[in-house]
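J.: So that you have it, the file is entry06.txt, and it contains compact mmCIF, C-alpha atoms:
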# COMPACT_ATOMS: atom_id res chain seq x y z
CA MET M 1 79.94 65.53 120.68
CA THR M 2 81.73 66.29 123.93
CA TYR M 3 80.09 65.55 127.26
CA TYR M 4 80.94 67.05 130.65
CA LEU M 5 80.75 65.02 133.83
CA GLY M 6 80.81 66.67 137.24
CA ILE M 7 81.42 64.39 140.23
CA ASP M 8 80.79 65.48 143.80
CA LEU M 9 82.86 62.93 145.67
CA HIS M 10 82.58 62.06 149.35
CA LYS M 11 83.96 59.34 151.58
CA ARG M 12 80.83 57.18 151.32
CA THR M 13 78.80 58.65 148.45
CA SER M 14 79.27 60.25 145.07
CA THR M 15 76.91 62.23 142.84
CA TRP M 16 77.45 62.19 139.08
CA VAL M 17 75.89 64.74 136.69
CA LEU M 18 76.50 64.37 132.94
CA LEU M 19 75.79 67.33 130.62
CA ASP M 20 76.09 67.68 126.86
CA GLU M 21 77.42 70.66 124.90
CA ASP M 22 74.01 72.39 125.12
CA ARG M 23 73.95 72.12 128.94
CA SER M 24 71.18 69.56 128.75
CA LEU M 25 71.10 66.90 131.44
CA VAL M 26 72.06 63.52 130.00
CA LYS M 27 72.22 61.50 133.22
CA LYS M 28 72.24 62.02 136.95
CA SER M 29 73.13 59.25 139.38
CA VAL M 30 73.80 58.98 143.09
CA HIS M 31 75.99 56.14 144.34
CA PRO M 32 75.66 55.14 147.99
CA CYS M 33 79.25 53.92 148.29
CA ALA M 34 82.52 55.28 146.94
CA THR M 35 84.28 51.94 146.44
CA TYR M 36 86.07 50.37 143.50
CA GLU M 37 83.03 48.26 142.71
CA HIS M 38 80.56 51.16 142.78
CA ILE M 39 82.80 53.46 140.71
CA ALA M 40 83.34 50.67 138.16
CA ARG M 41 79.57 50.12 137.98
CA ALA M 42 78.98 53.86 137.56
CA ILE M 43 81.46 53.98 134.68
CA HIS M 44 79.79 50.99 133.07
CA ASP M 45 76.36 52.68 133.29
CA VAL M 46 77.41 55.88 131.50
CA PRO M 47 75.18 56.04 128.38
CA VAL M 48 77.64 57.83 126.05
CA PRO M 49 81.10 56.92 124.66
CA LEU M 50 83.64 57.27 127.46
CA ALA M 51 86.25 58.80 125.15
CA ASP M 52 83.92 61.77 124.55
CA ILE M 53 83.64 62.67 128.26
CA LYS M 54 85.55 65.34 130.14
CA VAL M 55 85.41 64.93 133.91
CA ALA M 56 85.75 67.48 136.72
CA LEU M 57 86.12 66.45 140.36
CA GLU M 58 87.54 67.96 143.51
CA PRO M 59 90.63 66.54 145.29
CA VAL M 60 88.84 65.12 148.31
CA CYS M 61 88.68 61.69 149.95
CA GLY M 62 89.60 58.99 147.42
CA TRP M 63 89.91 61.30 144.46
CA ARG M 64 93.24 59.93 143.25
CA TRP M 65 92.22 56.32 142.71
CA THR M 66 88.87 57.49 141.34
CA ALA M 67 90.66 59.71 138.82
CA ASP M 68 92.93 56.81 137.88
CA MET M 69 89.91 54.58 137.20
CA LEU M 70 88.22 57.27 135.08
CA THR M 71 91.42 57.93 133.13
CA HIS M 72 91.98 54.21 132.56
CA ALA M 73 88.42 54.00 131.20
CA GLY M 74 89.29 56.62 128.57
CA MET M 75 87.89 59.81 130.08
CA ASP M 76 89.71 63.16 130.21
CA VAL M 77 89.95 63.96 133.94
CA SER M 78 90.58 67.41 135.45
CA CYS M 79 91.07 68.06 139.15
CA ALA M 80 89.49 71.30 140.40
CA ASN M 81 91.40 73.75 142.57
CA THR M 82 89.12 73.97 145.62
CA LEU M 83 90.64 77.26 146.81
CA LYS M 84 89.65 78.94 143.56
CA THR M 85 86.28 77.27 142.97
CA ARG M 86 84.38 80.09 144.67
CA LEU M 87 81.15 79.39 142.83
CA ILE M 88 80.63 76.20 144.83
CA ALA M 89 81.91 77.49 148.15
CA SER M 90 79.76 80.65 148.18
CA SER M 91 76.57 79.19 146.74
CA LYS M 92 73.42 79.90 148.78
CA LEU M 93 71.83 76.68 147.50
CA LYS M 94 74.39 73.99 148.19
CA HIS M 95 73.96 70.24 147.97
CA ASP M 96 75.66 67.39 146.13
CA THR M 97 73.73 67.75 142.86
CA VAL M 98 74.33 71.51 142.68
CA ASP M 99 78.03 71.00 143.32
CA ALA M 100 78.31 68.36 140.59
CA ILE M 101 76.43 70.58 138.11
CA ALA M 102 78.68 73.53 138.97
CA LEU M 103 81.81 71.45 138.27
CA ALA M 104 80.42 70.28 134.93
CA GLU M 105 79.36 73.82 133.97
CA LEU M 106 82.76 75.29 134.84
CA LEU M 107 84.50 72.60 132.81
CA ARG M 108 82.17 73.14 129.83
CA ALA M 109 82.80 76.91 129.89
CA ASP M 110 86.55 76.33 130.26
CA PHE M 111 86.47 78.27 133.54
CA LEU M 112 87.43 75.39 135.82
CA PRO M 113 90.52 76.28 137.90
CA LYS M 114 92.62 73.14 137.76
CA SER M 115 95.05 71.68 140.25
CA TYR M 116 98.40 70.12 139.47
CA GLN M 117 98.19 66.34 139.27
CA ALA M 118 101.56 64.96 140.25
CA PRO M 119 102.88 61.85 138.47
CA PRO M 120 102.94 58.55 140.40
CA ASP M 121 106.63 58.75 141.31
CA ILE M 122 106.20 62.20 142.86
CA VAL M 123 103.07 61.05 144.69
CA ALA M 124 105.03 58.15 146.20
CA LEU M 125 107.80 60.54 147.23
CA ARG M 126 105.28 62.88 148.84
CA ASP M 127 103.82 59.99 150.81
CA LEU M 128 107.33 59.17 152.04
CA VAL M 129 108.28 62.65 153.28
CA ARG M 130 104.82 63.32 154.73
CA GLU M 131 104.85 60.04 156.64
CA ARG M 132 108.24 60.97 158.05
CA ALA M 133 106.99 64.44 159.02
CA TYR M 134 103.99 62.88 160.76
CA LEU M 135 106.20 60.55 162.81
CA VAL M 136 108.56 63.38 163.74
CA HIS M 137 105.59 65.45 164.90
CA MET M 138 104.29 62.51 166.94
CA ARG M 139 107.71 61.95 168.52
CA THR M 140 107.95 65.61 169.49
CA GLY M 141 104.58 65.37 171.21
CA LEU M 142 105.70 62.31 173.15
CA LYS M 143 108.90 64.06 174.22
CA ASN M 144 106.90 67.01 175.50
CA ARG M 145 104.57 64.61 177.28
CA LEU M 146 107.51 62.86 178.91
CA GLN M 147 108.97 66.13 180.12
CA GLY M 148 105.59 67.03 181.56
CA ILE M 149 105.40 63.72 183.43
CA VAL M 150 108.91 64.12 184.83
CA THR M 151 108.11 67.66 185.97
CA ALA M 152 104.79 66.59 187.54
CA ARG M 153 106.52 63.80 189.49
CA GLY M 154 109.06 66.25 190.89
CA SER M 155 111.92 64.00 189.80
CA ILE M 156 115.51 65.10 190.28
CA LEU M 157 116.25 64.28 186.64
CA PRO M 158 117.07 67.54 184.79
CA LEU M 159 114.69 68.20 181.91
CA SER M 160 117.60 68.86 179.55
CA SER M 161 118.70 65.24 179.87
CA VAL M 162 115.33 63.52 179.56
CA MET M 163 115.97 62.35 176.01
CA LYS M 164 119.68 61.79 176.33
CA LYS M 165 121.14 58.34 176.99
CA GLU M 166 121.67 59.03 180.67
CA GLY M 167 118.09 60.29 180.99
CA ALA M 168 116.61 57.20 179.33
CA TYR M 169 118.80 54.99 181.52
CA TRP M 170 117.65 56.81 184.67
CA ILE M 171 114.00 56.42 183.65
CA ARG M 172 114.38 52.67 183.08
CA GLU M 173 116.02 52.25 186.50
CA HIS M 174 114.06 54.70 188.64
CA GLY M 175 111.07 55.96 186.64
CA ASP M 176 107.48 54.82 186.95
CA ASP M 177 105.40 52.97 184.36
CA ASP M 178 104.26 56.15 182.60
CA MET M 179 107.83 57.34 182.10
CA ARG M 180 109.04 53.98 180.83
CA ARG M 181 106.08 53.74 178.45
CA MET M 182 106.89 57.15 176.95
CA VAL M 183 110.54 56.21 176.48
CA SER M 184 109.59 52.95 174.76
CA LEU M 185 107.21 54.71 172.39
CA ILE M 186 109.77 57.37 171.55
CA GLU M 187 112.44 54.77 170.81
CA MET M 188 110.01 52.77 168.64
CA ILE M 189 109.07 55.82 166.58
CA THR M 190 112.72 56.87 166.30
CA LYS M 191 113.50 53.47 164.81
CA GLU M 192 110.78 53.94 162.19
CA ILE M 193 112.04 57.45 161.39
CA ARG M 194 115.55 56.10 160.81
CA THR M 195 114.13 53.55 158.35
CA LEU M 196 112.40 56.34 156.43
CA ASP M 197 115.57 58.45 156.60
CA GLU M 198 117.44 55.70 154.78
CA ARG M 199 114.90 55.80 151.95
CA VAL M 200 115.05 59.60 151.84
CA GLU M 201 118.86 59.58 151.70
CA TYR M 202 118.76 57.04 148.87
CA VAL M 203 116.56 59.38 146.82
CA ALA M 204 118.84 62.29 147.67
CA ARG M 205 121.88 60.36 146.41
CA THR M 206 120.31 59.05 143.22
CA HIS M 207 118.11 61.87 141.89
CA PRO M 208 119.71 64.94 140.25
CA VAL M 209 117.30 67.57 141.63
CA PRO M 210 117.88 66.82 145.34
CA GLN M 211 121.61 66.57 144.62
CA LEU M 212 121.44 70.05 143.11
CA LEU M 213 119.46 71.47 146.02
CA MET M 214 121.89 70.06 148.59
CA THR M 215 124.63 72.32 147.25
CA MET M 216 122.87 75.17 149.05
CA PRO M 217 124.00 75.80 152.64
CA ALA M 218 121.75 74.35 155.38
CA VAL M 219 119.93 72.09 152.91
CA GLY M 220 120.35 68.40 153.73
CA PRO M 221 118.79 65.24 152.30
CA VAL M 222 115.46 65.57 154.12
CA THR M 223 114.97 69.21 153.12
CA ALA M 224 116.07 68.63 149.53
CA VAL M 225 113.81 65.61 149.00
CA THR M 226 110.86 67.34 150.71
CA VAL M 227 111.19 70.39 148.46
CA PHE M 228 111.50 68.20 145.37
CA ALA M 229 108.52 66.04 146.35
CA GLU M 230 106.23 68.95 147.17
CA VAL M 231 107.14 71.08 144.14
CA GLY M 232 107.42 68.28 141.59
CA ASP M 233 108.06 69.92 138.23
CA PHE M 234 109.80 73.25 138.85
CA THR M 235 109.13 74.36 135.27
CA ARG M 236 105.39 74.61 135.92
CA PHE M 237 106.15 77.85 137.78
CA SER M 238 106.97 80.59 135.28
CA SER M 239 108.70 82.71 137.93
CA PRO M 240 110.15 82.26 141.42
CA ASN M 241 107.44 84.55 142.80
CA LYS M 242 104.79 82.02 141.76
CA LEU M 243 106.73 79.24 143.49
CA THR M 244 106.99 81.20 146.75
CA ALA M 245 103.28 82.02 146.48
CA TYR M 246 102.56 78.30 146.05
CA ALA M 247 104.51 77.69 149.27
CA GLY M 248 102.47 80.34 151.11
CA LEU M 249 105.58 82.38 151.90
CA VAL M 250 104.39 85.66 150.35
CA PRO M 251 102.60 88.45 152.26
CA SER M 252 98.83 88.70 152.04
CA GLU M 253 97.61 91.85 150.31
CA ARG M 254 94.49 94.00 150.41
CA SER M 255 94.32 96.72 147.74
CA SER M 256 91.61 99.28 147.17
CA ALA M 257 91.54 102.76 145.58
CA GLY M 258 95.27 102.75 145.08
CA ARG M 259 96.03 101.81 148.67
CA ILE M 260 97.99 98.63 149.32
CA ALA M 261 98.14 96.96 152.72
CA HIS M 262 100.32 93.92 153.37
CA GLY M 263 99.64 91.44 156.14
CA HIS M 264 101.02 88.14 157.37
CA ILE M 265 102.08 85.46 154.92
CA THR M 266 99.22 83.65 153.21
CA LYS M 267 100.19 80.14 154.39
CA LEU M 268 98.48 78.70 151.32
CA GLY M 269 99.80 75.68 149.49
CA SER M 270 101.88 72.88 150.94
CA PRO M 271 102.66 73.23 154.67
CA TYR M 272 105.40 70.60 154.24
CA LEU M 273 107.20 72.74 151.65
CA ARG M 274 106.83 75.87 153.74
CA GLY M 275 108.00 74.09 156.89
CA ALA M 276 111.05 72.61 155.18
CA CYS M 277 112.13 76.03 153.87
CA VAL M 278 111.67 77.73 157.25
CA GLU M 279 113.61 75.00 159.05
CA ALA M 280 116.44 75.34 156.53
CA ALA M 281 116.42 79.12 157.11
CA MET M 282 116.78 78.51 160.86
CA ARG M 283 119.93 76.47 160.22
CA ILE M 284 121.59 79.28 158.23
CA ARG M 285 123.00 80.59 161.52
CA GLU M 286 125.17 77.48 161.62
CA THR M 287 126.82 78.41 158.30
CA THR M 288 129.15 81.19 157.21
CA ASP M 289 127.52 81.87 153.84
CA PRO M 290 127.85 85.66 153.29
CA VAL M 291 124.78 85.91 151.04
CA LEU M 292 122.18 84.02 153.06
CA TYR M 293 123.57 84.60 156.53
CA GLY M 294 124.30 88.21 155.63
CA HIS M 295 120.68 88.62 154.55
CA TYR M 296 119.61 87.21 157.91
CA LEU M 297 121.85 89.59 159.86
CA GLN M 298 120.68 92.56 157.79
CA LEU M 299 116.95 92.00 158.38
CA LYS M 300 116.94 90.70 161.95
CA PRO M 301 117.46 94.05 163.78
CA ARG M 302 114.43 95.72 162.15
CA ALA M 303 112.14 92.73 161.53
CA GLY M 304 112.83 90.37 164.40
CA ALA M 305 113.97 86.76 164.31
CA MET M 306 110.65 85.14 163.28
CA LYS M 307 109.88 87.41 160.32
CA THR M 308 113.51 87.26 159.22
CA ARG M 309 113.36 83.46 159.04
CA VAL M 310 110.30 83.64 156.81
CA ALA M 311 111.96 86.22 154.55
CA LEU M 312 115.09 84.09 154.36
CA ALA M 313 113.02 80.97 153.59
CA ARG M 314 111.39 82.87 150.72
CA LYS M 315 114.78 83.93 149.43
CA MET M 316 116.18 80.40 149.64
CA LEU M 317 113.21 78.97 147.73
CA THR M 318 113.67 81.67 145.08
CA ILE M 319 117.30 80.68 144.67
CA MET M 320 116.27 77.02 144.40
CA TRP M 321 113.97 77.92 141.50
CA TYR M 322 116.92 79.46 139.62
CA MET M 323 119.21 76.55 140.48
CA VAL M 324 116.85 73.86 139.19
CA ASN M 325 115.69 75.72 136.09
CA ARG M 326 119.25 76.68 135.15
CA HIS M 327 120.64 73.25 136.11
CA GLU M 328 123.47 74.76 138.12
CA PRO M 329 124.58 74.29 141.74
CA TYR M 330 124.51 76.98 144.36
CA ARG M 331 127.22 79.59 143.96
CA MET M 332 127.26 82.70 146.08
CA SER M 333 128.37 84.97 143.24
CA THR M 334 125.59 83.92 140.86
CA HIS M 335 122.56 84.07 143.16
CA THR M 336 122.75 87.62 144.51
CA ALA M 337 120.97 89.30 141.60
CA LYS M 338 117.24 89.55 140.95
CA LEU M 339 116.43 89.24 144.65
CA GLY M 340 115.74 92.87 145.47
CA ASP M 341 112.00 92.22 145.76
CA LEU M 342 112.66 89.93 148.71
CA GLU M 343 114.01 92.58 151.03
CA ARG M 344 110.57 93.15 152.56
CA PRO M 345 110.36 90.58 155.41
CA PHE M 346 106.57 90.48 155.62
Let me see the structure of the file written as C-alpha cells.
T.:
Amino acid sequence: MTYYLGIDLHKRTSTWVLLDEDRSLVKKSVHPCATYEHIARAIHDVPVPLADIKVALEPVCGWRWTADMLTHAGMDVSCANTLKTRLIASSKLKHDTVDAIALAELLRADFLPKSYQAPPDIVALRDLVRERAYLVHMRTGLKNRLQGIVTARGSILPLSSVMKKEGAYWIREHGDDDMRRMVSLIEMITKEIRTLDERVEYVARTHPVPQLLMTMPAVGPVTAVTVFAEVGDFTRFSSPNKLTAYAGLVPSERSSAGRIAHGHITKLGSPYLRGACVEAAMRIRETTDPVLYGHYLQLKPRAGAMKTRVALARKMLTIMWYMVNRHEPYRMSTHTAKLGDLERPF
C-alpha cells in the first residue's frame, strides 16, 4: 500500500498528516521545533514502512535539508509549486492541519503541481551567484548613501568622483567620520565581491554551458554563470517560450470572450535570471552585433528604451535556449529564424 504524507513546514513548527490510499487518516503529529533532531524523531515515529510513503511539502524555510532527510530515509519526496497550489492559498478554512491534508490529497490524486528540485551542484552555484548579487546590491546602497552624505555636507567634491580613486583619497584626507566609514565599508564589500568573482570566473572557464553562453555578445562570466545556475537543466523546458515564461519576461494576459489584453511582464520566476538577462540587454549598445543591436534599434523608437530592453532580454534568452540545446555557439546567421513571435515588446 502507498501512503501520502503532507507536511506543512514552518521555521519553528511542522505539522505532519499521513493518509492511506482510501484517504483515511493514519497519523497526525505536530512538532514544536523544525530542527534536525525533531525531524529525525518524526521520521522514526512514522508507523508505516518509509519506502511506501510519498511526501509533499512546500519550498519554505528549511525545506531543502528536510527533503534531504526524508529522501535519505527512503521516502519519495515532491516539492509543491506554491504559485500553482491555489487550493491552499484560497481556502476559507486555513490552518496548518488543513494545509498538510491538502498537500497529501493533491499528491494522492496526482494533482500536485511540482517544483523543479535542482541537484546539489546547481544549488551551490545558485548560492554563489545570489550571494554576489546581494553584496553588489548592498554596495550600491552604500554608494548612494555616500553620495547623499557628501551632498548634505555641501562638500566641493563632485558627485561623479565620489567612488573614484581621487574621491576616496579626498574623503580620507578631508571628509568626516561618516564619509570615511562609508568608504571603508564599500572597499570591504568590494574585496568580498572580487573573491566571489574569482570563483564565478573559474566556473565560467571550466563548465561547457557558461563557455557556450559567453559566445553571445554582451554576455560575460557573471551573466553566463547566473543564467546557468538559475536555469539548471535547459532540457526541462520543451520550448524557448517556456523558458522566457519561467524568467518572468513574457507579457501578462487576460482573455475573455475572444478578447485578449496584454499587460506588463509577469515577473514570475527567478528575479536573478531576469535581472541578468536585462543587464546583458543593456550592454548590447556597446556591441556592433547586427542581429541583437539591430533588434534594439528597430524597437526603441516605438516602444521606448525600457520596454525595448525587456524585449531584447527575452530574445537573448530565447537564443540561449537554442544554443544550449543544439550545443552550438552563437552565430548571427543561425539565430535569426524562429524569433518572429518576439517582435512585440510588451
J.: With all atoms listed in the file counted, which protein, DNA or RNA residues have an atom no more than 9 Å from (108.5, 61.2, 151.2) in the file frame? Please answer as a ChimeraX atom specification.
T.: /M:122-133,196,199-200,222,225-226,229
J.: Ranking M:Cys61, M:Asp52, M:Leu106, M:Thr66 by minimum distance to Tyr36 (chain M) and counting only C-alpha atoms, which one comes first?
T.: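 Of all the options, M:Thr66 lies closest to Tyr36 (chain M).
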J.: Mind pulling up the distance from CA of Tyr272 (chain M) to CA of Pro210 (chain M)?
T.: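 Between CA of Pro210 (chain M) and CA of Tyr272 (chain M) the gap is 15.8 Å.
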J.: Expressed in Å to a single decimal, how great is the separation between CA of Ala313 (chain M) and CA of His295 (chain M)?
T.: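 One can read the CA of Ala313 (chain M) to CA of His295 (chain M) distance as 10.9 Å.
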J.: Rounded to one decimal in Å, what is the spacing between CA of Thr308 (chain M) and CA of Pro251 (chain M)?
T.: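 Separation of CA of Thr308 (chain M) and CA of Pro251 (chain M): 13.0 Å.
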J.: Would you compute, for all listed atoms of region 242-250 of chain M, the axis-aligned bounding box grown by 6 Å on each side, and then report its centre and edge lengths in Å rounded to one decimal, as JSON?
T.:
{"center_x": 104.7, "center_y": 81.7, "center_z": 146.8, "size_x": 16.5, "size_y": 20.0, "size_z": 22.1}
J.: Just want the 12 Å neighbourhood of Ala80 (chain M), counted on only C-alpha atoms, with same-chain residues fewer than 4 positions away dropped. Output as an mmCIF file with C-alpha atoms, in the coordinates of the input.
T.:
data_model
loop_
_atom_site.group_PDB
_atom_site.id
_atom_site.type_symbol
_atom_site.label_atom_id
_atom_site.label_comp_id
_atom_site.auth_asym_id
_atom_site.auth_seq_id
_atom_site.Cartn_x
_atom_site.Cartn_y
_atom_site.Cartn_z
ATOM 1 C CA GLY M 6 80.810 66.670 137.240
ATOM 2 C CA ILE M 7 81.420 64.390 140.230
ATOM 3 C CA ASP M 8 80.790 65.480 143.800
ATOM 4 C CA LEU M 9 82.860 62.930 145.670
ATOM 5 C CA VAL M 55 85.410 64.930 133.910
ATOM 6 C CA ALA M 56 85.750 67.480 136.720
ATOM 7 C CA LEU M 57 86.120 66.450 140.360
ATOM 8 C CA GLU M 58 87.540 67.960 143.510
ATOM 9 C CA PRO M 59 90.630 66.540 145.290
ATOM 10 C CA VAL M 60 88.840 65.120 148.310
ATOM 11 C CA TRP M 63 89.910 61.300 144.460
ATOM 12 C CA ALA M 67 90.660 59.710 138.820
ATOM 13 C CA LYS M 84 89.650 78.940 143.560
ATOM 14 C CA THR M 85 86.280 77.270 142.970
ATOM 15 C CA ARG M 86 84.380 80.090 144.670
ATOM 16 C CA LEU M 87 81.150 79.390 142.830
ATOM 17 C CA ILE M 88 80.630 76.200 144.830
ATOM 18 C CA ASP M 99 78.030 71.000 143.320
ATOM 19 C CA ALA M 100 78.310 68.360 140.590
ATOM 20 C CA ALA M 102 78.680 73.530 138.970
ATOM 21 C CA LEU M 103 81.810 71.450 138.270
ATOM 22 C CA ALA M 104 80.420 70.280 134.930
ATOM 23 C CA LEU M 106 82.760 75.290 134.840
ATOM 24 C CA LEU M 107 84.500 72.600 132.810
ATOM 25 C CA ASP M 110 86.550 76.330 130.260
ATOM 26 C CA PHE M 111 86.470 78.270 133.540
ATOM 27 C CA LEU M 112 87.430 75.390 135.820
ATOM 28 C CA PRO M 113 90.520 76.280 137.900
ATOM 29 C CA LYS M 114 92.620 73.140 137.760
ATOM 30 C CA SER M 115 95.050 71.680 140.250
ATOM 31 C CA TYR M 116 98.400 70.120 139.470
ATOM 32 C CA GLN M 117 98.190 66.340 139.270
#
J.: Residues near region 214-221 of chain M, anyone? I mean within 6 Å using all atoms listed in the file, not counting same-chain ones fewer than 5 positions away, as a list in words.
T.: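 That gives Glu201, Ala204, Ala280, Arg283, Ile284, Pro329 and Tyr330 of chain M.
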J.: Considering only C-alpha atoms, state which residue in the set M:Phe234, M:Ile101, M:Lys165, M:Arg172 is at the smallest distance from Ser24 (chain M).
T.: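 Using only C-alpha atoms, the shortest distance to Ser24 (chain M) belongs to M:Ile101.
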J.: Using only C-alpha atoms, determine which residues lie at most 7 Å from Trp321 (chain M), disregarding the query and same-chain residues fewer than 3 positions distant; provide the list as a list of chain:residue names.
T.: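 Answer for this query is M:Phe234, M:Pro240, M:Leu317, M:Thr318, M:Val324, M:Asn325.
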J.: What would region 162-187 of chain M look like with N, CA and C atoms restored, written as a short mmCIF file (atom, residue, chain, number, x, y, z; two decimals), keeping the file's coordinate frame?
T.:
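Final file, out.cif:
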data_model
loop_
_atom_site.label_atom_id
_atom_site.label_comp_id
_atom_site.auth_asym_id
_atom_site.auth_seq_id
_atom_site.Cartn_x
_atom_site.Cartn_y
_atom_site.Cartn_z
N VAL M 162 116.38 64.53 179.64
CA VAL M 162 115.33 63.52 179.56
C VAL M 162 115.53 62.60 178.36
N MET M 163 115.86 63.16 177.21
CA MET M 163 115.97 62.35 176.01
C MET M 163 117.40 62.01 175.64
N LYS M 164 118.32 62.25 176.55
CA LYS M 164 119.68 61.79 176.33
C LYS M 164 119.83 60.36 176.87
N LYS M 165 120.95 59.73 176.57
CA LYS M 165 121.14 58.34 176.99
C LYS M 165 121.07 58.20 178.51
N GLU M 166 121.68 59.15 179.22
CA GLU M 166 121.67 59.03 180.67
C GLU M 166 120.25 59.24 181.22
N GLY M 167 119.46 60.09 180.55
CA GLY M 167 118.09 60.29 180.99
C GLY M 167 117.24 59.06 180.78
N ALA M 168 117.37 58.43 179.59
CA ALA M 168 116.61 57.20 179.33
C ALA M 168 117.03 56.09 180.28
N TYR M 169 118.33 56.02 180.58
CA TYR M 169 118.80 54.99 181.52
C TYR M 169 118.22 55.22 182.90
N TRP M 170 118.19 56.50 183.35
CA TRP M 170 117.65 56.81 184.67
C TRP M 170 116.17 56.44 184.74
N ILE M 171 115.43 56.71 183.67
CA ILE M 171 114.00 56.42 183.65
C ILE M 171 113.76 54.91 183.74
N ARG M 172 114.56 54.13 183.03
CA ARG M 172 114.38 52.67 183.08
C ARG M 172 114.68 52.12 184.48
N GLU M 173 115.63 52.75 185.18
CA GLU M 173 116.02 52.25 186.50
C GLU M 173 115.14 52.79 187.62
N HIS M 174 114.73 54.06 187.51
CA HIS M 174 114.06 54.70 188.64
C HIS M 174 112.68 55.28 188.28
N GLY M 175 112.33 55.34 187.02
CA GLY M 175 111.07 55.96 186.64
C GLY M 175 109.88 55.04 186.85
N ASP M 176 108.69 55.62 186.79
CA ASP M 176 107.48 54.82 186.95
C ASP M 176 107.04 54.28 185.60
N ASP M 177 105.89 53.62 185.59
CA ASP M 177 105.40 52.97 184.36
C ASP M 177 105.12 53.98 183.25
N ASP M 178 104.56 55.13 183.60
CA ASP M 178 104.26 56.15 182.60
C ASP M 178 105.53 56.64 181.90
N MET M 179 106.57 56.88 182.68
CA MET M 179 107.83 57.34 182.10
C MET M 179 108.42 56.29 181.18
N ARG M 180 108.45 55.05 181.64
CA ARG M 180 109.04 53.98 180.83
C ARG M 180 108.23 53.76 179.55
N ARG M 181 106.91 53.90 179.64
CA ARG M 181 106.08 53.74 178.45
C ARG M 181 106.40 54.82 177.42
N MET M 182 106.56 56.07 177.87
CA MET M 182 106.89 57.15 176.95
C MET M 182 108.24 56.92 176.27
N VAL M 183 109.21 56.47 177.04
CA VAL M 183 110.54 56.21 176.48
C VAL M 183 110.47 55.09 175.44
N SER M 184 109.72 54.05 175.71
CA SER M 184 109.59 52.95 174.76
C SER M 184 108.93 53.40 173.47
N LEU M 185 107.89 54.21 173.58
CA LEU M 185 107.21 54.71 172.39
C LEU M 185 108.13 55.61 171.57
N ILE M 186 108.86 56.47 172.25
CA ILE M 186 109.77 57.37 171.55
C ILE M 186 110.85 56.58 170.81
N GLU M 187 111.40 55.58 171.45
CA GLU M 187 112.44 54.77 170.81
C GLU M 187 111.87 53.99 169.63
#
